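Data block for data20.cif (mmCIF, C-alpha atoms):
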data_final
loop_
_atom_site.label_atom_id
_atom_site.label_comp_id
_atom_site.auth_asym_id
_atom_site.auth_seq_id
_atom_site.Cartn_x
_atom_site.Cartn_y
_atom_site.Cartn_z
CA MET A 1 29.44 52.52 41.94
CA PRO A 2 29.99 50.18 44.93
CA LYS A 3 31.41 46.76 44.06
CA ARG A 4 28.27 44.98 45.36
CA LYS A 5 26.00 46.98 43.02
CA VAL A 6 28.35 46.40 40.09
CA ALA A 7 28.28 42.66 40.77
CA LEU A 8 24.47 42.63 40.97
CA ALA A 9 24.18 44.59 37.73
CA LEU A 10 26.52 42.20 35.97
CA GLY A 11 24.59 39.26 37.36
CA HIS A 12 21.30 40.62 36.05
CA ALA A 13 22.89 41.24 32.64
CA VAL A 14 24.14 37.65 32.47
CA VAL A 15 20.67 36.31 33.38
CA ALA A 16 19.06 38.53 30.75
CA LEU A 17 21.50 37.32 28.10
CA GLY A 18 20.81 33.75 29.15
CA PHE A 19 17.07 34.19 28.65
CA LEU A 20 17.70 35.87 25.30
CA ALA A 21 19.82 32.93 24.17
CA LEU A 22 17.16 30.49 25.36
CA PHE A 23 14.40 32.21 23.43
CA SER A 24 16.61 32.53 20.36
CA ALA A 25 17.26 28.78 20.47
CA ALA A 26 13.54 28.09 20.91
CA GLY A 27 12.81 30.34 17.92
CA ALA A 28 15.24 28.30 15.81
CA PHE A 29 13.11 25.22 16.46
CA ALA A 30 9.74 26.94 16.01
CA ALA A 31 7.44 24.62 14.09
CA GLY A 32 5.21 26.52 11.73
CA VAL A 33 2.80 29.31 10.99
CA VAL A 34 -0.97 29.62 10.62
CA GLN A 35 -1.44 30.12 6.88
CA SER A 36 -5.22 30.09 6.53
CA ILE A 37 -8.16 30.12 8.94
CA GLU A 38 -11.85 29.36 8.55
CA GLY A 39 -14.12 29.41 11.59
CA ASP A 40 -13.12 28.85 15.22
CA VAL A 41 -9.50 27.66 15.54
CA ARG A 42 -7.66 27.65 18.87
CA ALA A 43 -4.24 26.61 20.13
CA GLY A 44 -2.24 26.40 23.33
CA PRO A 45 0.45 24.42 25.15
CA ILE A 46 -0.38 20.73 25.60
CA GLY A 47 -2.46 20.33 28.76
CA LYS A 48 -3.25 24.06 29.00
CA PRO A 49 -6.30 26.10 27.92
CA VAL A 50 -6.43 26.97 24.21
CA THR A 51 -7.00 30.47 22.82
CA VAL A 52 -8.05 31.80 19.43
CA VAL A 53 -5.25 31.77 16.86
CA THR A 54 -4.48 34.56 14.42
CA LEU A 55 -3.22 34.56 10.86
CA ASP A 56 0.58 34.24 10.66
CA GLN A 57 0.80 33.12 14.30
CA ARG A 58 3.84 30.92 15.01
CA LEU A 59 3.19 27.54 16.61
CA ALA A 60 6.00 25.67 18.34
CA SER A 61 6.46 22.06 19.41
CA GLY A 62 4.30 21.19 22.39
CA THR A 63 1.23 22.97 21.00
CA THR A 64 -2.29 21.57 20.68
CA VAL A 65 -4.42 22.92 17.82
CA VAL A 66 -8.21 22.57 18.04
CA THR A 67 -10.81 23.35 15.39
CA GLY A 68 -14.51 23.91 16.01
CA PRO A 69 -17.53 22.79 13.96
CA ASP A 70 -17.33 23.89 10.30
CA ALA A 71 -13.77 25.17 10.88
CA GLN A 72 -10.58 24.52 8.96
CA VAL A 73 -6.97 25.66 9.33
CA ILE A 74 -3.88 25.26 7.16
CA LEU A 75 -0.52 25.15 8.95
CA ARG A 76 2.69 25.73 7.00
CA PHE A 77 5.87 24.35 8.54
CA ASP A 78 9.44 25.51 8.07
CA ASP A 79 10.41 22.61 5.80
CA GLY A 80 7.49 23.32 3.45
CA GLN A 81 5.16 20.74 4.99
CA ARG A 82 1.47 21.62 5.07
CA VAL A 83 -1.08 20.25 7.52
CA VAL A 84 -4.79 20.89 6.95
CA LEU A 85 -7.12 20.28 9.88
CA GLY A 86 -10.80 19.63 9.28
CA GLN A 87 -13.61 20.52 11.61
CA SER A 88 -13.77 19.29 15.22
CA THR A 89 -10.15 18.15 15.13
CA HIS A 90 -7.51 17.97 17.89
CA LEU A 91 -3.86 17.86 16.77
CA ARG A 92 -0.68 17.92 18.82
CA ILE A 93 2.60 19.22 17.41
CA VAL A 94 4.66 16.73 19.40
CA ASP A 95 8.16 17.48 18.11
CA PHE A 96 9.08 19.54 15.06
CA ARG A 97 12.67 20.56 14.33
CA TYR A 98 14.17 21.56 11.01
CA ASP A 99 17.67 22.79 10.29
CA GLU A 100 18.31 22.99 6.57
CA ALA A 101 22.06 22.50 7.16
CA ASP A 102 21.77 19.59 9.62
CA PRO A 103 19.44 16.70 8.66
CA SER A 104 20.41 14.85 11.84
CA MET A 105 18.26 17.34 13.78
CA ASP A 106 15.12 16.62 11.75
CA ARG A 107 11.93 15.79 13.64
CA SER A 108 8.34 15.96 12.40
CA VAL A 109 6.09 14.14 14.86
CA PHE A 110 2.39 14.87 15.30
CA GLY A 111 -0.45 13.33 17.28
CA LEU A 112 -3.99 13.23 15.90
CA LEU A 113 -6.36 12.75 18.83
CA LYS A 114 -9.68 13.48 17.14
CA GLY A 115 -11.12 14.50 13.78
CA ALA A 116 -9.42 14.53 10.39
CA LEU A 117 -6.39 16.00 8.69
CA ARG A 118 -4.50 16.16 5.44
CA MET A 119 -0.70 16.14 5.54
CA VAL A 120 1.50 17.18 2.62
CA SER A 121 5.10 16.31 3.40
CA GLY A 122 8.01 18.71 3.02
CA ALA A 123 11.80 18.61 2.96
CA ILE A 124 12.13 16.49 6.11
CA ALA A 125 10.18 13.59 4.61
CA MET A 126 12.15 13.89 1.38
CA ARG A 127 15.56 13.57 3.04
CA ASN A 128 14.87 11.80 6.35
CA ARG A 129 11.56 9.99 6.29
CA GLU A 130 12.32 8.05 9.49
CA ALA A 131 12.01 11.38 11.34
CA VAL A 132 8.37 11.83 10.28
CA ALA A 133 5.40 10.24 12.05
CA LEU A 134 1.72 10.84 12.67
CA ARG A 135 0.51 9.11 15.82
CA THR A 136 -3.15 8.11 16.10
CA PRO A 137 -4.91 5.89 18.68
CA GLN A 138 -5.01 3.06 16.14
CA ALA A 139 -1.55 3.24 14.53
CA THR A 140 1.51 5.32 13.77
CA ILE A 141 1.55 6.58 10.20
CA GLY A 142 4.95 6.69 8.51
CA ILE A 143 5.44 8.98 5.55
CA ARG A 144 7.29 8.46 2.28
CA GLY A 145 7.14 11.74 0.38
CA THR A 146 3.41 11.90 0.62
CA ASP A 147 0.10 13.72 0.37
CA PHE A 148 -2.42 11.80 2.46
CA MET A 149 -5.46 12.15 4.72
CA VAL A 150 -6.58 10.48 7.95
CA ALA A 151 -10.06 10.53 9.50
CA LEU A 152 -10.72 9.18 12.98
CA VAL A 153 -14.30 8.04 13.09
CA ASN A 154 -13.56 4.95 15.19
CA PRO A 155 -11.89 3.18 13.47
CA ALA A 156 -9.27 5.17 11.53
CA TYR A 157 -9.39 5.64 7.77
CA ILE A 158 -6.47 6.60 5.51
CA SER A 159 -6.60 8.03 1.99
CA VAL A 160 -3.34 8.38 0.03
CA LEU A 161 -3.36 11.05 -2.68
CA GLU A 162 0.34 10.93 -3.59
CA GLY A 163 3.34 8.79 -2.61
CA ALA A 164 2.90 6.14 0.08
CA VAL A 165 2.39 5.72 3.82
CA THR A 166 2.83 2.94 6.33
CA ALA A 167 0.43 2.10 9.15
CA THR A 168 2.18 0.40 12.06
CA ASN A 169 0.71 -0.97 15.28
CA ALA A 170 0.98 -4.04 17.51
CA ALA A 171 -0.27 -6.26 14.68
CA GLY A 172 2.35 -5.21 12.14
CA THR A 173 3.01 -2.75 9.30
CA VAL A 174 1.03 -2.24 6.11
CA VAL A 175 2.02 -0.01 3.17
CA PHE A 176 -0.62 2.01 1.30
CA GLY A 177 0.21 3.51 -2.10
CA ALA A 178 -1.27 6.41 -4.04
CA GLY A 179 -4.98 6.04 -4.71
CA SER A 180 -5.59 3.53 -1.94
CA ILE A 181 -7.96 3.70 1.03
CA GLY A 182 -6.94 2.05 4.28
CA LEU A 183 -8.80 0.97 7.39
CA VAL A 184 -7.17 0.52 10.82
CA PRO A 185 -9.75 -1.13 13.10
CA SER A 186 -7.79 -0.80 16.35
CA SER A 187 -4.28 -0.63 17.79
CA ALA A 188 -4.26 -4.44 18.02
CA GLU A 189 -5.59 -5.21 14.51
CA LEU A 190 -3.67 -5.05 11.24
CA ALA A 191 -4.58 -2.31 8.79
CA GLY A 192 -6.03 -3.26 5.42
CA ALA A 193 -7.13 -1.77 2.11
CA ILE A 194 -10.83 -1.21 1.46
CA PRO A 195 -12.90 0.03 -1.51
CA ALA A 196 -13.67 3.76 -1.44
CA SER A 197 -17.35 2.87 -1.76
CA THR A 198 -17.31 1.38 1.75
CA LEU A 199 -16.16 4.57 3.49
CA PRO A 200 -18.66 5.75 6.10
CA ALA A 201 -20.33 9.08 5.37
CA ALA A 202 -18.36 10.96 8.04
CA ALA A 203 -14.99 9.84 6.66
CA ALA A 204 -16.02 10.43 3.05
CA ALA A 205 -17.19 13.97 3.87
CA ALA A 206 -13.97 14.74 5.75
CA PHE A 207 -11.82 13.49 2.87
CA SER A 208 -13.86 15.48 0.34
CA ASN A 209 -13.40 18.73 2.27
CA LEU A 210 -9.70 18.17 2.94
CA SER A 211 -8.86 17.19 -0.64
CA ALA A 212 -10.40 20.49 -1.82
CA ALA A 213 -8.01 22.54 0.33
CA ALA A 214 -5.58 24.66 -1.70
CA VAL A 215 -2.18 23.21 -0.79
CA LEU A 216 0.89 22.24 -2.78
CA GLY A 217 1.67 18.62 -3.56
CA ALA A 218 4.46 16.95 -1.59
CA ALA A 219 7.27 17.49 -4.12
CA ALA A 220 6.20 21.07 -4.82
CA ALA A 221 5.96 21.87 -1.10
CA ALA A 222 9.52 20.70 -0.49
CA ALA A 223 10.81 22.62 -3.52
CA ALA A 224 9.01 25.77 -2.39
CA ALA A 225 10.57 25.49 1.06
CA ALA A 226 14.05 25.20 -0.40
CA SER A 227 13.73 28.07 -2.88
CA ASN A 228 11.39 30.50 -1.18
CA ARG A 229 11.05 29.53 2.47
CA GLY A 230 8.73 31.75 4.45
CA SER A 231 7.52 33.83 1.48
CA SER A 232 4.25 32.02 0.73
CA THR A 233 1.16 34.23 0.57
CA THR A 234 -1.28 33.81 3.45
CA THR A 235 -5.03 33.94 3.08
CA HIS A 236 -7.90 34.48 5.47
CA HIS A 237 -11.38 33.28 4.66
#

Starting from the file, lay out its structure as structure tokens.
Amino acid sequence: MPKRKVALALGHAVVALGFLALFSAAGAFAAGVVQSIEGDVRAGPIGKPVTVVTLDQRLASGTTVVTGPDAQVILRFDDGQRVVLGQSTHLRIVDFRYDEADPSMDRSVFGLLKGALRMVSGAIAMRNREAVALRTPQATIGIRGTDFMVALVNPAYISVLEGAVTATNAAGTVVFGAGSIGLVPSSAELAGAIPASTLPAAAAAAFSNLSAAAVLGAAAAAAAAASNRGSSTTTHH
């Protein structure tokens, strides 16, 4: 074979190996999998059109997940974290990275743009809680080994089922413990606790539906990830 053709062939092989390495690295940082679907659920790269998701589909960082009316989806992440999205919800997987052997790489950052979700923390929150955050228009929610819900009905409402969360914005930081309900009026106003009886109907309905979702508690989710990662049974309703 002429030297020029040999050089071109070698060059193509190097490029192919480079792409393979790139995709392998991307796979190592893949975020999670679609565990359960009800109704119309779509996903796609941030800023791009979304398409219908399928059961067991992998979702990487930089993905937007959108649910339609009367829809719900459960996402299971590699550290055991579960995220349940209620109907008419827009969520961004901003940055998720989990390496069981290297906690310094941990990242679990999400952005809730619309709707309501329930988040059950996994191994990342247990060992590196500073790496976990849920961004909303009103505040950034910090997680402390937690099972909690957020509903954006302008303002934002928080319900803590287990553990504790912080709500931080320009006005300061407030901690909410298990059993508490929080209100964040705006990004410039401090969050505060409120009686459950004062929740608006939309937030109360969202919390009722999300709390009924079949997901593990925070401690159990982290333990399941450590002992049996990736072997959870998926369901399709």

- Message: Report, in Å to a single decimal, how far apart CA of Gly172 in chain A and CA of Ser211 in chain A are.
- Response: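 Taking CA of Ser211 in chain A as the start and CA of Gly172 in chain A as the end point, the length is 28.1 Å.
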
- Message: Let me make sure I understand: among A:Phe96, A:Ser159, A:Val66, A:Asp106, which one has the smallest atom-to-atom distance to Val52 in chain A if we use all atoms listed in the file?
- Response: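 For Val52 in chain A, the nearest of the given residues is A:Val66.
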
- Residues near Ile158 in chain A, cut-off 6 Å, all atoms listed in the file, skip fewer than 4 positions along chain, as a list in words: Met149, Val150, Ile181 and Gly182 of chain A

- What does the distance between CA of Ala206 in chain A and CA of Gln138 in chain A come to in Å, to one decimal place? 18.0 Å

- Task: Using the chain letters and numbering of this document, enumerate as a ChimeraX atom specification the residues selected by the PyMOL selection byres ((chain A and resi 110) around 8).
- Result: /A:91-95,108-109,111-112,133-135
